[in-house]
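Participant: Before I ask anything, here is the structure I am working with.
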Amino acid sequence: MIIDKVENIEHYHFGTAWQRVFAFLHTLTPNSPEMKYTIDGDDIFAIVMSYDTTTPESGVFESHREYVDIQTVLVGCEGFECAFSDALTVQTPYDASKDAAFYKRSIPGHTRVNVCPGTFVMLYPHDAHLAGLQVADRSQRVKKVVVKVKKALLSTAL
């Protein structure tokens with residue numbers, strides 16, 4: 001997992017896919033429509049969505065095999081818990097059509113971070129993550145973007 005400020009992207013050398021992701025992110029505003037955006041076919045795409053944050057106890061961890069997630073918030077702040085997927089109990093086995101496996105939250109994540117506008121989190125296939133969590137013990141409406149990048153496009157960096 002990487003968590004950093006968007007302004008620090010030049011410190012990471014993940015190639016042209018990385019550059020395309022952040023060029024796209026710079027085009028988004030809090031008023032960007034909620035929808036799926038195609039950046040490079042099925043290799044790189046993004047989903048802008050809104051929802052209310054919740055407590056960790058109501059969620060499940062997820063992980064992916066084919067895609068790396070790069071997530072940031074456009075409006076509000078949300079918490080993330082992260083844990084290594086091999087340390088968790090599988091709740092729903094990996095489904096290739098969804099590129100996702102889900103895990104029981106039997107323990108809090110090993111890492112807890114808050115993501116607000118101007119920051120991002122990059123989640124690798126071994127990073128089980130639980131997003132959409134309350135910050136400061138109160139629910140709020142967030143608008144965020146999840147960019148999915150085929151891990152093979154970042155293979156020199158993984």
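Starting from 1 in every chain, residues are counted up; chains themselves are A, B, ... following the order of the structure tokens, and ligands are numbered from 1 as listed.
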Which polymer residues have any atom within 6 Å of an atom of A:Ile70, counting only C-alpha atoms, with same-chain residues fewer than 3 positions away left out, as a list of chain:residue names?
Facilitator: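 Residues meeting the cut-off are A:Val121, A:Met122, A:Val146, A:Val147.
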Participant: Which residues come within 10 Å of A:Met35, counting only C-alpha atoms, excluding same-chain residues fewer than 4 positions away, as a ChimeraX atom specification?
Facilitator: /A:46-49,145
Participant: Can you tell me, as a list in words, what residues are no more than 9 Å from stretch 88-98 of chain A when counting only C-alpha atoms, ignoring any on the same chain fewer than 6 positions away?
Facilitator: Val60, Phe61, Ser63, His64, Arg65, Glu66, Lys104, Arg105, Ser106, Ile107 and Ala128 of chain A
Participant: For a quick check of understanding, using only C-alpha atoms, which of A:Cys116, A:Cys77, A:Ala100, A:Ile39 has the smallest distance to A:Val6?
Facilitator: A:Cys116
Participant: For a quick check of understanding, using only C-alpha atoms, which of A:Glu34, A:Phe45, A:Asp86, A:Thr54 has the smallest distance to A:Arg138?
Facilitator: A:Thr54
Participant: How would you write, as a list in words, the set of residues in chain A that DSSP gives as helix (DSSP H, G or I)?
Facilitator: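 Restricting chain A to helix (DSSP H, G or I) produces Val6, Glu7, Asn8, Ile9, Glu10, His11, Thr16, Ala17, Trp18, Gln19, Arg20, Val21, Phe22, Ala23, Phe24, Leu25, Pro56, Glu57, Ser58, Ser85, Asp86, Ala87, Lys151, Ala152, Leu153 and Leu154 of chain A.
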Participant: Assign secondary structure with DSSP using the backbone only, and return the residues of stretch 19-125 of chain A in strand (DSSP E) as a PyMOL selection string.
Facilitator: chain A and resi 36-40+44-52+61-63+67-75+78-84+90-95+100-103+111-115+119-123
Participant: For a test of reading the model, state the distance in Å between atom CA of A:Leu74 and atom CA of A:Lys143, rounded to one decimal.
Facilitator: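 Separation of atom CA of A:Leu74 and atom CA of A:Lys143: 5.4 Å.
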Participant: Considering only C-alpha atoms, can you say which of A:Leu154, A:Leu133, A:Ile9, A:Ala87 comes closest to A:Ala23?
Facilitator: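 Ranked by minimum distance to A:Ala23, first place goes to A:Ile9.
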Participant: Under the rule that only C-alpha atoms are counted, which of A:Val68, A:Val21, A:Val75, A:Val142 is the nearest residue to A:Tyr124?
Facilitator: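 Among the listed residues, the smallest separation from A:Tyr124 belongs to A:Val68.
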Participant: Mind checking which residues fall within 8 Å of A:Thr55, counting only C-alpha atoms, ignoring those fewer than 4 positions away in the same chain, and posting them as a PyMOL selection string?
Facilitator: chain A and resi 59+133-134+137
Participant: Go ahead and save the residues from that selection, with N, CA and C atoms, as a PDB file, in the first residue's frame.
Facilitator:
```pdb
ATOM      1  N   GLY A  59     -18.465  -3.622   7.562  1.00  0.00           N
ATOM      2  CA  GLY A  59     -17.840  -3.868   6.272  1.00  0.00           C
ATOM      3  C   GLY A  59     -17.073  -5.168   6.196  1.00  0.00           C
ATOM      4  N   LEU A 133     -14.985   4.160   5.425  1.00  0.00           N
ATOM      5  CA  LEU A 133     -15.143   4.191   6.880  1.00  0.00           C
ATOM      6  C   LEU A 133     -15.271   5.620   7.410  1.00  0.00           C
ATOM      7  N   GLN A 134     -15.989   5.733   8.504  1.00  0.00           N
ATOM      8  CA  GLN A 134     -16.177   7.027   9.154  1.00  0.00           C
ATOM      9  C   GLN A 134     -14.845   7.597   9.622  1.00  0.00           C
ATOM     10  N   ASP A 137     -15.515   9.331  13.956  1.00  0.00           N
ATOM     11  CA  ASP A 137     -16.718   8.678  14.486  1.00  0.00           C
ATOM     12  C   ASP A 137     -18.036   9.307  14.039  1.00  0.00           C
TER      13      ASP A 137
END
```
Participant: Between A:Val149, A:Val135, A:Ile3, A:Ala17, which has the minimum distance to A:Glu78 (counting only C-alpha atoms)?
Facilitator: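 Once distances to A:Glu78 are computed over only C-alpha atoms, the minimum belongs to A:Val135.
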